[in-house]
file structure.tsv (TSV, C-alpha atoms and all ligand atoms)
chain	number	residue	atom	x	y	z
S	29	MET	CA	4.88	17.32	1.13
S	30	ALA	CA	2.62	18.27	-1.72
S	31	ASP	CA	-0.22	16.25	-3.18
S	32	ASN	CA	-1.22	17.90	-6.47
S	33	GLY	CA	0.39	21.10	-5.27
S	34	ARG	CA	-1.56	21.10	-2.00
S	35	LEU	CA	0.28	20.42	1.23
S	36	VAL	CA	-0.92	17.30	3.02
S	37	PHE	CA	-0.94	16.68	6.75
S	38	PRO	CA	2.37	14.96	7.66
S	39	PHE	CA	2.17	11.21	8.30
S	40	THR	CA	4.32	11.40	11.41
S	41	ALA	CA	2.07	14.09	12.92
S	42	ILE	CA	-0.92	11.73	13.06
S	43	VAL	CA	-1.66	11.07	16.72
S	44	ASN	CA	-1.83	7.42	17.87
S	45	GLN	CA	-3.44	4.95	15.37
S	46	GLU	CA	-0.15	3.05	15.50
S	47	ARG	CA	-1.53	-0.14	13.97
S	48	MET	CA	-2.93	1.64	10.97
S	49	LYS	CA	0.33	3.51	10.44
S	50	ARG	CA	2.34	0.30	10.84
S	51	ALA	CA	0.19	-1.57	8.34
S	52	LEU	CA	0.61	1.24	5.80
S	53	ILE	CA	4.37	1.43	6.31
S	54	LEU	CA	4.74	-2.33	5.90
S	55	ASN	CA	2.91	-2.19	2.59
S	56	ALA	CA	5.10	0.70	1.50
S	57	ILE	CA	8.20	-1.37	2.21
S	58	ASN	CA	6.90	-4.51	0.57
S	59	PHE	CA	4.31	-4.04	-2.19
S	60	ARG	CA	3.82	-7.80	-2.35
S	61	ILE	CA	2.04	-7.85	1.01
S	62	GLY	CA	-1.19	-7.07	-0.81
S	63	GLY	CA	-2.88	-4.09	0.78
S	64	VAL	CA	-4.69	-3.18	3.91
S	65	LEU	CA	-8.31	-2.87	4.92
S	66	ILE	CA	-8.93	-0.20	7.54
S	67	ARG	CA	-12.18	-0.56	9.44
S	68	GLY	CA	-13.51	2.21	11.60
S	69	GLU	CA	-15.86	5.12	12.04
S	70	ARG	CA	-15.58	8.34	10.09
S	71	GLY	CA	-13.05	10.86	11.34
S	72	THR	CA	-10.36	8.39	12.32
S	73	ALA	CA	-7.69	9.79	9.98
S	74	LYS	CA	-7.91	6.89	7.50
S	75	SER	CA	-7.78	9.00	4.36
S	76	THR	CA	-5.32	11.47	5.91
S	77	ALA	CA	-2.94	8.62	6.68
S	78	ALA	CA	-3.07	7.07	3.21
S	79	ARG	CA	-2.61	10.43	1.52
S	80	ALA	CA	0.23	11.33	3.88
S	81	LEU	CA	1.99	8.07	3.16
S	82	ALA	CA	1.98	8.75	-0.58
S	83	ALA	CA	3.41	12.21	0.03
S	84	LEU	CA	6.14	10.78	2.21
S	85	LEU	CA	7.38	8.08	-0.14
S	86	PRO	CA	10.52	8.72	-2.20
S	87	ASP	CA	9.98	10.09	-5.71
S	88	ILE	CA	10.01	7.61	-8.58
S	89	ASP	CA	11.63	7.57	-12.03
S	90	VAL	CA	9.07	7.02	-14.76
S	91	VAL	CA	9.20	6.71	-18.54
S	92	ALA	CA	8.29	10.12	-19.98
S	93	GLY	CA	5.04	10.31	-21.93
S	94	ASP	CA	3.94	6.90	-20.65
S	95	ALA	CA	0.47	6.70	-19.12
S	96	PHE	CA	1.36	3.61	-17.08
S	97	GLY	CA	4.17	4.98	-14.93
S	98	CYS	CA	6.62	2.32	-16.17
S	99	ASP	CA	9.93	2.13	-14.31
S	100	PRO	CA	12.79	2.83	-16.75
S	101	HIS	CA	15.09	0.59	-14.67
S	102	GLN	CA	12.78	-2.47	-14.73
S	103	PRO	CA	12.24	-3.53	-18.36
S	104	ALA	CA	10.69	-6.82	-17.22
S	105	THR	CA	7.70	-4.90	-15.84
S	106	TRP	CA	7.09	-2.58	-18.81
S	107	CYS	CA	3.77	-2.07	-20.52
S	108	THR	CA	3.12	-3.24	-24.09
S	109	ASN	CA	3.86	0.25	-25.47
S	110	CYS	CA	7.24	0.63	-23.72
S	111	ARG	CA	8.28	-2.88	-24.79
S	112	GLU	CA	7.45	-2.11	-28.40
S	113	HIS	CA	9.27	1.23	-28.35
S	114	ALA	CA	12.34	-0.42	-26.86
S	115	ALA	CA	12.18	-3.29	-29.35
S	116	GLN	CA	12.25	-0.73	-32.16
S	117	GLY	CA	15.49	0.59	-30.72
S	118	GLU	CA	13.96	3.75	-29.29
S	119	LYS	CA	15.51	5.27	-26.20
S	120	LEU	CA	12.93	5.79	-23.47
S	121	PRO	CA	13.41	9.18	-21.82
S	122	SER	CA	12.51	9.37	-18.14
S	123	TYR	CA	11.75	11.89	-15.46
S	124	THR	CA	11.20	11.90	-11.72
S	125	ARG	CA	7.83	12.46	-10.12
S	126	LYS	CA	5.92	12.00	-6.89
S	127	VAL	CA	4.31	8.71	-5.97
S	128	PRO	CA	0.70	8.75	-7.22
S	129	PHE	CA	-2.22	8.78	-4.82
S	130	VAL	CA	-5.37	7.72	-6.61
S	131	GLU	CA	-8.82	7.62	-5.13
S	132	LEU	CA	-11.26	5.22	-6.78
S	133	PRO	CA	-14.03	7.38	-8.24
S	134	VAL	CA	-17.48	6.76	-6.82
S	135	GLY	CA	-19.49	4.43	-9.05
S	136	ALA	CA	-16.45	3.41	-11.13
S	137	THR	CA	-17.28	0.75	-13.72
S	138	GLU	CA	-15.02	-2.17	-14.56
S	139	ASP	CA	-13.94	-0.39	-17.77
S	140	ARG	CA	-13.02	2.70	-15.81
S	141	VAL	CA	-10.95	0.55	-13.44
S	142	VAL	CA	-9.07	-1.71	-15.86
S	143	GLY	CA	-9.04	0.56	-18.93
S	144	THR	CA	-10.38	-0.11	-22.42
S	145	LEU	CA	-9.12	-1.25	-25.78
S	146	ASP	CA	-10.48	0.80	-28.65
S	147	ILE	CA	-11.65	-1.98	-30.94
S	148	GLU	CA	-13.19	0.32	-33.56
S	149	ARG	CA	-9.92	2.16	-34.00
S	150	ALA	CA	-8.14	-1.16	-34.32
S	151	ILE	CA	-10.52	-2.33	-37.05
S	152	GLN	CA	-10.73	0.95	-38.95
S	153	LYS	CA	-7.15	2.20	-38.70
S	154	GLY	CA	-5.28	-0.90	-37.67
S	155	GLU	CA	-3.97	0.96	-34.61
S	156	ARG	CA	-4.00	-0.44	-31.13
S	157	HIS	CA	-5.19	2.14	-28.66
S	158	PHE	CA	-5.57	1.49	-24.97
S	159	GLU	CA	-7.36	3.99	-22.78
S	160	PRO	CA	-5.75	3.73	-19.34
S	161	GLY	CA	-7.96	3.20	-16.30
S	162	VAL	CA	-7.59	3.65	-12.56
S	163	LEU	CA	-5.17	0.72	-12.28
S	164	ALA	CA	-2.78	2.45	-14.68
S	165	ALA	CA	-2.95	5.72	-12.77
S	166	ALA	CA	-2.26	3.95	-9.46
S	167	ASN	CA	0.76	1.98	-10.66
S	168	ARG	CA	3.64	2.32	-8.15
S	169	GLY	CA	1.49	4.37	-5.83
S	170	ILE	CA	-1.48	4.08	-3.53
S	171	LEU	CA	-5.00	3.20	-4.63
S	172	TYR	CA	-7.42	4.39	-2.01
S	173	VAL	CA	-10.88	2.84	-2.01
S	174	ASP	CA	-13.26	4.50	0.40
S	175	GLU	CA	-16.18	2.43	1.68
S	176	VAL	CA	-15.02	-0.68	-0.11
S	177	ASN	CA	-17.94	-2.57	1.47
S	178	LEU	CA	-20.40	-0.51	-0.56
S	179	LEU	CA	-18.74	-1.33	-3.89
S	180	ASP	CA	-19.93	-3.92	-6.32
S	181	ASP	CA	-18.34	-7.26	-5.36
S	182	HIS	CA	-17.08	-7.72	-8.88
S	183	ILE	CA	-15.13	-4.45	-8.81
S	184	VAL	CA	-13.57	-5.35	-5.47
S	185	ASP	CA	-12.59	-8.66	-6.98
S	186	VAL	CA	-10.90	-6.93	-9.93
S	187	LEU	CA	-9.00	-4.58	-7.60
S	188	LEU	CA	-7.81	-7.41	-5.37
S	189	ASP	CA	-6.74	-9.47	-8.38
S	190	ALA	CA	-4.67	-6.63	-9.79
S	191	ALA	CA	-3.14	-5.88	-6.39
S	192	ALA	CA	-2.12	-9.52	-6.03
S	193	MET	CA	-0.79	-9.97	-9.59
S	194	GLY	CA	0.90	-6.62	-10.06
S	195	VAL	CA	-0.13	-6.53	-13.73
S	196	ASN	CA	-3.28	-5.66	-15.60
S	197	THR	CA	-4.04	-7.49	-18.85
S	198	VAL	CA	-6.95	-6.50	-21.07
S	199	GLU	CA	-7.90	-8.68	-24.02
S	200	ARG	CA	-10.58	-8.12	-26.63
S	201	GLU	CA	-11.13	-9.57	-30.05
S	202	GLY	CA	-7.66	-11.04	-30.21
S	203	ILE	CA	-5.95	-7.80	-29.23
S	204	SER	CA	-4.27	-7.56	-25.86
S	205	PHE	CA	-2.59	-4.93	-23.77
S	206	GLN	CA	-0.64	-5.36	-20.57
S	207	HIS	CA	0.74	-2.88	-18.10
S	208	PRO	CA	2.22	-2.98	-14.61
S	209	ALA	CA	-0.28	-2.39	-11.78
S	210	ARG	CA	1.76	-2.60	-8.62
S	211	PHE	CA	0.05	-0.48	-6.03
S	212	ILE	CA	-0.78	-0.40	-2.37
S	213	LEU	CA	-4.47	-1.10	-2.08
S	214	VAL	CA	-5.94	0.76	0.87
S	215	GLY	CA	-9.59	-0.01	1.46
S	216	THR	CA	-11.67	1.56	4.18
S	217	MET	CA	-15.04	0.68	5.56
S	218	ASN	CA	-17.37	1.65	8.33
S	219	PRO	CA	-18.64	-1.67	9.73
S	220	GLU	CA	-21.90	0.00	10.75
S	221	GLU	CA	-22.72	0.46	7.07
S	222	GLY	CA	-22.61	-3.21	6.18
S	223	ASP	CA	-19.94	-5.85	5.97
S	224	LEU	CA	-17.65	-6.96	3.22
S	225	ARG	CA	-18.32	-10.48	2.00
S	226	PRO	CA	-16.05	-12.87	3.93
S	227	GLN	CA	-14.49	-14.13	0.67
S	228	LEU	CA	-13.34	-10.59	-0.12
S	229	LEU	CA	-12.40	-9.72	3.43
S	230	ASP	CA	-10.19	-12.76	3.45
S	231	ARG	CA	-8.22	-11.52	0.47
S	232	PHE	CA	-7.06	-8.30	2.07
S	233	ALA	CA	-3.66	-9.14	3.46
S	234	LEU	CA	-3.91	-6.97	6.54
S	235	CYS	CA	-6.95	-5.73	8.36
S	236	VAL	CA	-6.81	-3.07	11.03
S	237	ASP	CA	-9.60	-1.79	13.22
S	238	VAL	CA	-9.26	1.86	14.11
S	239	GLN	CA	-11.16	3.65	16.82
S	240	GLY	CA	-11.47	7.24	17.83
S	241	VAL	CA	-8.80	8.20	20.35
S	242	ARG	CA	-10.18	7.85	23.89
S	243	ASP	CA	-7.36	9.55	25.77
S	244	ALA	CA	-8.11	13.22	26.51
S	245	ARG	CA	-4.50	14.33	26.23
S	246	ALA	CA	-4.14	12.68	22.83
S	247	ARG	CA	-7.40	14.29	21.71
S	248	MET	CA	-5.95	17.67	22.71
S	249	ALA	CA	-2.89	16.94	20.60
S	250	ILE	CA	-5.12	16.08	17.62
S	251	MET	CA	-6.95	19.40	17.96
S	252	GLU	CA	-3.74	21.38	18.40
S	253	ARG	CA	-2.04	19.81	15.40
S	254	ASN	CA	-5.07	20.15	13.16
S	255	LEU	CA	-5.44	23.81	14.05
S	256	ALA	CA	-1.73	24.47	13.56
S	257	PHE	CA	-1.87	22.78	10.14
S	258	GLU	CA	-4.98	24.73	9.12
S	259	GLN	CA	-3.46	28.03	10.14
S	260	ASP	CA	-0.07	27.54	8.51
S	261	PRO	CA	0.31	24.35	6.45
S	262	ALA	CA	3.82	25.21	5.23
S	263	GLY	CA	5.09	26.12	8.70
S	264	PHE	CA	3.55	23.00	10.21
S	265	TYR	CA	5.07	20.82	7.54
S	266	GLU	CA	8.47	22.44	8.09
S	267	GLU	CA	8.21	21.62	11.78
S	268	TRP	CA	7.57	17.93	11.05
S	269	LEU	CA	10.07	17.62	8.22
S	270	PRO	CA	12.84	15.97	10.29
S	271	GLN	CA	10.46	13.18	11.44
S	272	GLU	CA	9.08	12.77	7.93
S	273	MET	CA	12.55	12.47	6.47
S	274	MET	CA	13.64	9.99	9.09
S	275	LEU	CA	10.69	7.71	8.37
S	276	ALA	CA	11.16	8.04	4.60
S	277	GLU	CA	14.79	7.00	5.00
S	278	ARG	CA	13.86	4.02	7.12
S	279	ILE	CA	11.36	2.86	4.52
S	280	GLU	CA	13.99	3.19	1.79
S	281	ASP	CA	16.58	1.33	3.83
S	282	ALA	CA	14.15	-1.47	4.60
S	283	ARG	CA	13.24	-1.71	0.90
S	284	ARG	CA	16.89	-2.11	0.01
S	285	LEU	CA	17.37	-4.83	2.61
S	286	LEU	CA	14.22	-6.72	1.66
S	287	PRO	CA	15.73	-8.92	-1.10
S	288	ASP	CA	18.34	-10.24	1.34
S	289	VAL	CA	15.88	-11.33	3.99
S	290	ARG	CA	15.72	-15.09	4.51
S	291	TYR	CA	13.11	-16.90	6.55
S	292	THR	CA	14.30	-19.37	9.12
S	293	ARG	CA	12.43	-22.51	10.11
S	294	ASN	CA	12.25	-20.95	13.53
S	295	ASP	CA	10.25	-17.97	12.18
S	296	MET	CA	7.86	-20.30	10.43
S	297	SER	CA	7.37	-22.46	13.49
S	298	THR	CA	6.66	-19.42	15.70
S	299	ILE	CA	4.00	-18.23	13.25
S	300	ALA	CA	2.49	-21.66	12.69
S	301	GLU	CA	2.14	-22.28	16.42
S	302	MET	CA	0.63	-18.88	17.04
S	303	MET	CA	-1.91	-19.18	14.23
S	304	ALA	CA	-2.84	-22.72	15.22
S	305	GLY	CA	-3.28	-21.44	18.78
S	306	LEU	CA	-5.62	-18.70	17.59
S	307	GLY	CA	-7.68	-21.23	15.65
S	308	VAL	CA	-7.14	-19.43	12.34
S	309	ASP	CA	-8.96	-21.00	9.37
S	310	GLY	CA	-7.01	-20.49	6.14
S	311	HIS	CA	-3.27	-20.53	5.59
S	312	ARG	CA	-2.99	-17.22	3.84
S	313	ALA	CA	-2.61	-15.32	7.10
S	314	ASP	CA	0.46	-17.39	7.96
S	315	LEU	CA	2.17	-16.30	4.75
S	316	VAL	CA	1.20	-12.67	5.21
S	317	ILE	CA	2.73	-12.68	8.65
S	318	LEU	CA	5.86	-14.32	7.31
S	319	LYS	CA	6.14	-11.60	4.66
S	320	THR	CA	5.46	-8.79	7.09
S	321	PHE	CA	7.91	-10.43	9.44
S	322	ASP	CA	10.60	-9.52	6.85
S	323	GLU	CA	9.96	-5.92	7.58
S	324	VAL	CA	10.05	-6.46	11.28
S	325	GLN	CA	13.48	-7.97	10.89
S	326	THR	CA	14.69	-5.35	8.47
S	327	SER	CA	13.41	-2.51	10.61
S	328	ILE	CA	15.12	-4.03	13.57
S	329	ALA	CA	18.32	-4.37	11.53
S	330	GLU	CA	18.00	-0.71	10.59
S	331	LEU	CA	17.31	0.33	14.11
S	332	ASP	CA	20.43	-1.51	15.17
S	333	LYS	CA	22.45	0.45	12.68
S	334	MET	CA	20.98	3.74	13.73
S	335	VAL	CA	21.26	3.20	17.44
S	336	ALA	CA	24.97	2.89	18.10
S	337	SER	CA	24.54	1.27	21.47
S	338	ALA	CA	24.59	-2.45	20.99
S	339	ARG	CA	21.61	-4.37	22.17
S	340	ASP	CA	22.03	-7.83	23.52
S	341	LYS	CA	20.66	-10.81	21.65
S	342	ALA	CA	18.01	-11.54	24.22
S	343	SER	CA	16.21	-8.21	23.88
S	344	ASP	CA	16.34	-8.55	20.10
S	345	VAL	CA	14.50	-11.81	20.26
S	346	GLU	CA	11.95	-10.30	22.60
S	347	ALA	CA	11.29	-7.38	20.29
S	348	GLU	CA	10.80	-9.66	17.31
S	349	GLN	CA	8.34	-11.84	19.14
S	350	GLU	CA	6.36	-8.84	20.29
S	351	ASP	CA	6.14	-7.56	16.74
S	352	VAL	CA	5.13	-10.92	15.37
S	353	SER	CA	2.23	-11.11	17.77
S	354	MET	CA	1.10	-7.66	16.73
S	355	TYR	CA	0.94	-8.65	13.06
S	356	GLY	CA	-0.58	-11.90	14.10
S	357	ASP	CA	-3.45	-9.90	15.53
S	358	ALA	CA	-3.76	-7.75	12.45
S	359	ALA	CA	-3.74	-10.56	9.93
S	360	GLY	CA	-5.59	-13.08	12.07
S	361	GLU	CA	-8.38	-11.00	13.50
S	362	ASP	CA	-10.99	-11.78	10.87
S	363	ARG	CA	-10.05	-15.31	10.09
S	364	GLN	CA	-10.26	-16.11	13.73
S	365	LYS	CA	-13.88	-15.03	13.89
S	366	LYS	CA	-14.82	-17.58	11.28
S	367	ALA	CA	-13.11	-20.42	13.09
K	1	ZN	ZN	5.04	1.82	-20.27

call {"tool": "encode", "arguments": {"input": "structure.tsv", "output": "structure tokens", "more": "lines below"}}
Ligand SMILES: [Zn+2]
result
Amino acid sequence: MADNGRLVFPFTAIVNQERMKRALILNAINFRIGGVLIRGERGTAKSTAARALAALLPDIDVVAGDAFGCDPHQPATWCTNCREHAAQGEKLPSYTRKVPFVELPVGATEDRVVGTLDIERAIQKGERHFEPGVLAAANRGILYVDEVNLLDDHIVDVLLDAAAMGVNTVEREGISFQHPARFILVGTMNPEEGDLRPQLLDRFALCVDVQGVRDARARMAIMERNLAFEQDPAGFYEEWLPQEMMLAERIEDARRLLPDVRYTRNDMSTIAEMMAGLGVDGHRADLVILKTFDEVQTSIAELDKMVASARDKASDVEAEQEDVSMYGDAAGEDRQKKA
């Protein structure tokens, strides 16, 4: 699918790197998970995967002429402008567009990230004008932050805050502006180039370590697919379209099922025991696993629907436990080191 008119490498054609792909898919299903930090050397498909995920996600309805990508069907999340227009009885026209993929510009300042209120204009003309920043552009999409470990701590803090809150509020001189900022935060870092402060590391919901593929056959597949894509992007995309569509549908189905998911005491006890066993410090990881566990259950529910052959209860339970331990690894990895 296209990213600014350019075809991007299909998500499902990425060889191996299952954990990274899983972590991205889980965030796509449930925005509330709070992002993913991908650690690994250069050339491990980190940026390709994030870009490909954005291209794969279903198109979104947005309010036309709105710089904040407000969802016409969710008035409770609207920006200050949309609220005011609606309060004045205006109808908000909408259109459908692709999910945004925004890369944090190198050297971005806090103003560039959160946006700015034009105070002079407010004083001189009595007009409120808000210049949207990166958070506005990324709303309902993916915000990709390369080499997050090399950023100013304060900026990382701002990004993580917005990702956790889902809104961005800017206040100056008694004037305030608010807009939705629900996005999937994807940070990458090369551990050889310095670490992220533990306090910040801890706030990324999921952390995945990626490595270059060691298996020769898989490396062949990577070369073949990259060459095929380079030679004929449209043809290659066409070839992968069925897989792409199947994954997109599964994500949509899981999103629909998400509000109905209930946690059982059994789920919580499994997670608590596992995290205690791993010697994990904080309690945030437990909650992240519980939230990601939703998706495990919903994907399993979906799988059950798709595969007509009934599976017996026992193998279901096994599959769930396997998945839980995988997310346990992902969310617990770093915290465990501090214990
Ligand atoms: Zn709006």

call {"tool": "atom_distance", "arguments": {"input": "structure.tsv", "atom1": "atom CA of Leu269 of chain S", "atom2": "atom CA of Ile170 of chain S"}}
result
21.3 Å

call {"tool": "residues_near_ligand", "arguments": {"input": "structure.tsv", "ligand": "ligand ZN 1 (chain K)", "cutoff": "6 Å", "atoms": "only C-alpha atoms and all ligand atoms", "output": "PDB file with C-alpha atoms, keeping the file's coordinate frame"}}
result
ATOM      1  CA  ASP S  94       3.940   6.900 -20.650  1.00  0.00           C
ATOM      2  CA  PHE S  96       1.360   3.610 -17.080  1.00  0.00           C
ATOM      3  CA  CYS S  98       6.620   2.320 -16.170  1.00  0.00           C
ATOM      4  CA  TRP S 106       7.090  -2.580 -18.810  1.00  0.00           C
ATOM      5  CA  CYS S 107       3.770  -2.070 -20.520  1.00  0.00           C
ATOM      6  CA  ASN S 109       3.860   0.250 -25.470  1.00  0.00           C
ATOM      7  CA  CYS S 110       7.240   0.630 -23.720  1.00  0.00           C
TER       8      CYS S 110
END

call {"tool": "residues_around", "arguments": {"input": "structure.tsv", "residues": "Val90 of chain S", "least_positions_apart": "3", "cutoff": "8 Å", "atoms": "all atoms listed in the file", "output": "PyMOL selection string"}}
result
chain S and resi 94+97-100+122-125

call {"tool": "atom_distance", "arguments": {"input": "structure.tsv", "atom1": "atom CA of Lys153 of chain S", "atom2": "atom CA of Ala165 of chain S"}}
result
26.5 Å

call {"tool": "atom_distance", "arguments": {"input": "structure.tsv", "atom1": "atom CA of Met248 of chain S", "atom2": "atom CA of Ala41 of chain S"}}
result
13.2 Å

call {"tool": "closest_residue", "arguments": {"input": "structure.tsv", "among": "S:Thr197, S:Thr144, S:Gln206, S:Thr137", "to": "Val184 of chain S", "atoms": "only C-alpha atoms"}}
result
S:Thr137

call {"tool": "closest_residue", "arguments": {"input": "structure.tsv", "among": "S:Asp180, S:Glu159, S:Asp314, S:Asp185", "to": "Arg231 of chain S", "atoms": "all atoms listed in the file"}}
result
S:Asp185

call {"tool": "closest_residue", "arguments": {"input": "structure.tsv", "among": "S:Asp237, S:Glu199, S:Glu258, S:Glu301", "to": "Lys49 of chain S", "atoms": "only C-alpha atoms"}}
result
S:Asp237

call {"tool": "residues_around", "arguments": {"input": "structure.tsv", "residues": "Gln271 of chain S", "least_positions_apart": "3", "cutoff": "12 Å", "atoms": "only C-alpha atoms", "output": "number ranges by chain"}}
result
S: 38-42, 84, 265-268, 274-278

call {"tool": "closest_residue", "arguments": {"input": "structure.tsv", "among": "S:Ile151, S:Val36, S:Gly71, S:Arg47", "to": "Ile250 of chain S", "atoms": "only C-alpha atoms"}}
result
S:Gly71
